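Asker: Below is a structure I'd like to ask you about.
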Amino acid sequence: MTNTNPESSDVLTASNFLRDLIAEDARTKKFGAAAIQTRFPPEPNGYLHIGHAKAICLDFGLADEFGGKTNLRFDDTNPEKEEQEYVDSIQQDVRWLGFEWERLCYASDYFPQLYEWALQLIKAGKAYVDDLTADQIRQYRGTLTEPGKDSPYRNRSIEENLDLFQRMRAGEFPDGSRVLRAKIDMASPNLNMRDPVMYRILHATHHRTGDAWCIYPMYDYAHGQSDSIENVTHSMCTLEFADHQPLYRWFIEQLGIFPSQQFEFDRLNITYTMLSKRKLLQLVQEKRVRGWDDPRMPTLSGFRRRGFTPQAIRTFVAAAGVSRTNGSTDVEMLEHFQRDDLNRRARRAMAVLHPLKLVIDNYPEGQVELVEVANNPEDPTAGTRQVPFSRQIYIEQDDFREAPPPKYYRLSPGKEVRLRNAYFVTAQSVVKDAAGNVVEVHCTYDPLSRGGNSPDGRKVKSTMHWVSAAHAISAEIRLYDKLFTRADPSDYPEGGSFLDNLNPHSLEILSGAKLEPSLAQAKLGEPFQFERVGYFCLDPDTSEGHLVFNRTLSLKDSWARIEKKAGA
RNA sequence: UGGGCGAUCGUCUAAUGGUAGGACAGUGCCCUUUGGAGGCACUUGUCCAGGUUCGAAUCCUGGUCGCCCAGCCA
């Protein structure tokens, strides 16, 4: 019964190419006395999602494993998209995942240094101010198959470049009128090397530097130099930046600064899940979801609110592995590791989502018994609690069938089942409403079966959860399903959009659920297993007198599978 | 049709010239006071064609297929 679960610990240290590479560099002291140094470099233009969790686990996890340190560095070079709200949420989410940074850094901290280095490159004849419009620059860049051509401004004198760049910085020119470009090779087969833009003019207020700057460095000019300033030894990023690596190296070599190195790995993709910041922002802005932390969102804040745990997310990320292939991991794997984690830690409770009244005709009117129930059968140290039992209780509508199908072991007329931790009961009759729906089931109980076993040793096929009607508390229950109906949400027909794949039934709200009284004391962040139903947690929307529970995940339901197969 | 990267069970991922293994999913059985959990078993794979080698997922050659790049985004 007890699950020691060696698998999740093995999974955390399984071989992968980045671990091998860093292990080797640490062993050979490739960077001399310098320790392994990494960084996690989010742009504060959105909330972190589970794809970022992979990068975080790699950046922080691998550094830690080899005695290194990790900085959290905000890649805040574009004031038009970045906000303090995101800076705050990102820090919260990284900590929630269980990591702590060595230093909190901002690319914007390096604006003065970056500017000095730009002057240095201009003086070395390696950068120039270009007056071409954005449109013209695109035309001059050439195409994938044709080389570009030099800008007419490419051969300005160093003096003129210096003067113009300083005046750009001084705010003499309007947005978009000029840029600073690296002078590399307009005929390079790698478009990133065709005189990339280093600085653009943006008269925008930055969330940290305010109006101190009106020129902002581009990613390519800022990122590698920021790594270098921080003595980052292993700069890990996703595959789409592989083409930028020659440029990353070029700036570092021209400047002769600390030789940080970039390594690329594959992005995390999960079936039925959208992991694009831009599209997640769209879902929020168009109110397709209730916010960044909507429990259906793949954001870390969404997972947190949904009841997912950082431990499970980390185990999943490790289990999904890292490579250089692009694929999509089954969402079932994530759910598996989450159930595995919750199964070990969640307190059990009884809750009836769709109540059906069960009256025990031969149980004494007005009598209340307290039955002892284990808080977690997986963990004896979790203790027990007392749950009230009485003559009228609620059971799940699904747990009674007037005409039971084959292999249906639950309650039906004449059948005996066990009420968990309480008594054996046998259904005797039903009460129906005008429409013919069963609204009440009458049964008899065996007083000798208290605790759930009969002294004569007879067996029952089924055990059901229940809640005493007089003692039940009410709650709103929010059931979540996949946000998208397609394994690949970005696969939509011509002329459509990923929104067409939104699952209209991703949220179902139940208002009449009946819970055992102990659940009134549930705390935010505390995981529960509602026995036979699923894992749940209290939602922050809970208010005085109004409990709201989120379903984190359902329990695997073998009967549902049997029924589905029979129907199919 | 320029450049870069990649291809191993349905999915994700190991094997670094020497027995193709694990996890998830699936199937069957056992167990069960959660039809949960757990246990056991089974199925399925090296993109293709050549070559090197005693031996190839791994090395070589040629194909095929997929992803990324033409932002003053990151």
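For the structure tokens, the naming scheme is as follows: chains receive sequential letters (A, B, ...) according to their order of presentation, residues are indexed from 1 within each chain, and ligands are indexed from 1 in presentation order.
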Neighbours of Phe99 (chain A) within 10 Å (only C-alpha atoms (C1' of nucleotides); same-chain residues fewer than 2 positions away dropped), as a list in words?
Answerer: Ile56, Cys57, Phe60, Gly61, Asp64, Thr70, Gln91, Asp93, Val94, Arg95, Trp96, Leu97, Trp101 and Glu102 of chain A
Asker: Write down, as a ChimeraX atom specification, each residue of chain B that has any atom within 8 Å of an atom of chain A, counting only C-alpha atoms (C1' of nucleotides).
Answerer: /B:2-7,11-14,23-25,33-38,67-70,72-74
Asker: Can you work out the spacing between CA of Glu508 (chain A) and CA of His471 (chain A) in Å, to one decimal?
Answerer: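 One can read the CA of Glu508 (chain A) to CA of His471 (chain A) distance as 25.6 Å.
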Asker: Need to verify the contact set: Phe400 (chain A), 12 Å, only C-alpha atoms (C1' of nucleotides), exclusion of same-chain residues closer than 4 positions in sequence. Can you return it as a PyMOL selection string?
Answerer: chain A and resi 354-358+394-396+404-405+408-417+426-430+437-443+462+464
Asker: Quick one: pull the distance between CA of Lys183 (chain A) and CA of Leu162 (chain A), Å, one decimal.
Answerer: 14.2 Å
Asker: Among region 239-480 of chain A, which ones does DSSP place in strand (DSSP E), written as a PyMOL selection string?
Answerer: chain A and resi 261-265+347-349+351-352+355-360+369-374+384-389+392-396+416-419+424-432+438-445+463-464+467-468+473-480
Asker: Tell me, as a list in words, which residues lie within 10 Å of Phe303 (chain A), counting only C-alpha atoms (C1' of nucleotides); anything in the same chain fewer than 4 positions away does not count.
Answerer: His49, Ile50, Asp293, Asp294, Pro295, Arg296, Met297, Pro298, Thr299, Gly307, Phe308, Thr309, Pro310, Ile313 and Thr552 of chain A
Asker: Print the selection's residues with N, CA, C and O atoms to a file, as a compact mmCIF listing (two decimals), in the first residue's frame.
Answerer:
# COMPACT_ATOMS: atom_id res chain seq x y z
N HIS A 49 4.65 30.16 -17.59
CA HIS A 49 3.84 28.95 -17.78
C HIS A 49 4.70 27.72 -17.59
O HIS A 49 5.90 27.81 -17.29
N ILE A 50 4.11 26.56 -17.78
CA ILE A 50 4.82 25.33 -17.44
C ILE A 50 6.01 25.10 -18.36
O ILE A 50 6.95 24.37 -18.02
N ASP A 293 -4.40 33.51 -13.77
CA ASP A 293 -4.39 32.40 -12.80
C ASP A 293 -5.66 31.57 -12.86
O ASP A 293 -5.96 30.83 -11.94
N ASP A 294 -6.39 31.68 -13.96
CA ASP A 294 -7.54 30.80 -14.13
C ASP A 294 -7.03 29.36 -14.05
O ASP A 294 -6.02 29.02 -14.66
N PRO A 295 -7.72 28.52 -13.26
CA PRO A 295 -7.23 27.14 -13.08
C PRO A 295 -7.14 26.32 -14.36
O PRO A 295 -6.55 25.25 -14.36
N ARG A 296 -7.69 26.82 -15.45
CA ARG A 296 -7.55 26.10 -16.72
C ARG A 296 -6.31 26.52 -17.48
O ARG A 296 -5.96 25.92 -18.50
N MET A 297 -5.67 27.59 -17.02
CA MET A 297 -4.49 28.11 -17.72
C MET A 297 -3.26 27.28 -17.39
O MET A 297 -3.10 26.80 -16.26
N PRO A 298 -2.35 27.10 -18.36
CA PRO A 298 -1.11 26.36 -18.11
C PRO A 298 -0.05 27.23 -17.46
O PRO A 298 1.12 26.88 -17.47
N THR A 299 -0.46 28.37 -16.94
CA THR A 299 0.48 29.21 -16.21
C THR A 299 0.77 28.58 -14.86
O THR A 299 -0.04 27.82 -14.33
N GLY A 307 -4.52 23.60 -7.85
CA GLY A 307 -4.17 22.59 -6.85
C GLY A 307 -2.99 21.73 -7.23
O GLY A 307 -2.66 20.77 -6.53
N PHE A 308 -2.35 22.06 -8.37
CA PHE A 308 -1.14 21.33 -8.72
C PHE A 308 -0.04 21.73 -7.75
O PHE A 308 -0.08 22.81 -7.15
N THR A 309 0.95 20.85 -7.59
CA THR A 309 2.01 21.12 -6.63
C THR A 309 3.34 21.31 -7.36
O THR A 309 3.58 20.70 -8.40
N PRO A 310 4.21 22.13 -6.79
CA PRO A 310 5.52 22.35 -7.42
C PRO A 310 6.32 21.04 -7.53
O PRO A 310 7.01 20.83 -8.52
N ILE A 313 5.13 19.17 -10.58
CA ILE A 313 5.53 19.83 -11.83
C ILE A 313 7.01 19.59 -12.09
O ILE A 313 7.42 19.30 -13.22
N THR A 552 -8.80 19.58 -8.85
CA THR A 552 -7.46 19.56 -9.43
C THR A 552 -7.43 18.53 -10.56
O THR A 552 -7.11 18.85 -11.70
Asker: In terms of the shortest atom-to-atom distance over only C-alpha atoms (C1' of nucleotides), which of B:C30, B:C65, B:A57, B:C47 is closest to A15 (chain B)?
Answerer: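 Nearest candidate to A15 (chain B) out of B:C30, B:C65, B:A57, B:C47: B:A57.
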Asker: Record the distance separating CA of Tyr106 (chain A) and CA of Phe74 (chain A), expressed in Å with one decimal.
Answerer: 4.6 Å
Asker: Give me the residues within 12 Å of U61 (chain B) as number ranges by chain, counting only C-alpha atoms (C1' of nucleotides) and dropping any in the same chain fewer than 4 places off.
Answerer: B: 49-52
Asker: So, counting only C-alpha atoms, which residue among A:Gly567, A:Leu119, A:Ala107, A:Val232 is closest to Gly68 (chain A)?
Answerer: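 Selected residue with least distance to Gly68 (chain A): A:Val232.
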Asker: From the list A:Gln521, A:Ser511, A:Ser506, A:Gln92, which residue is nearest Arg288 (chain A) when using only C-alpha atoms?
Answerer: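 With only C-alpha atoms as the atom set, the closest residue is A:Ser506.
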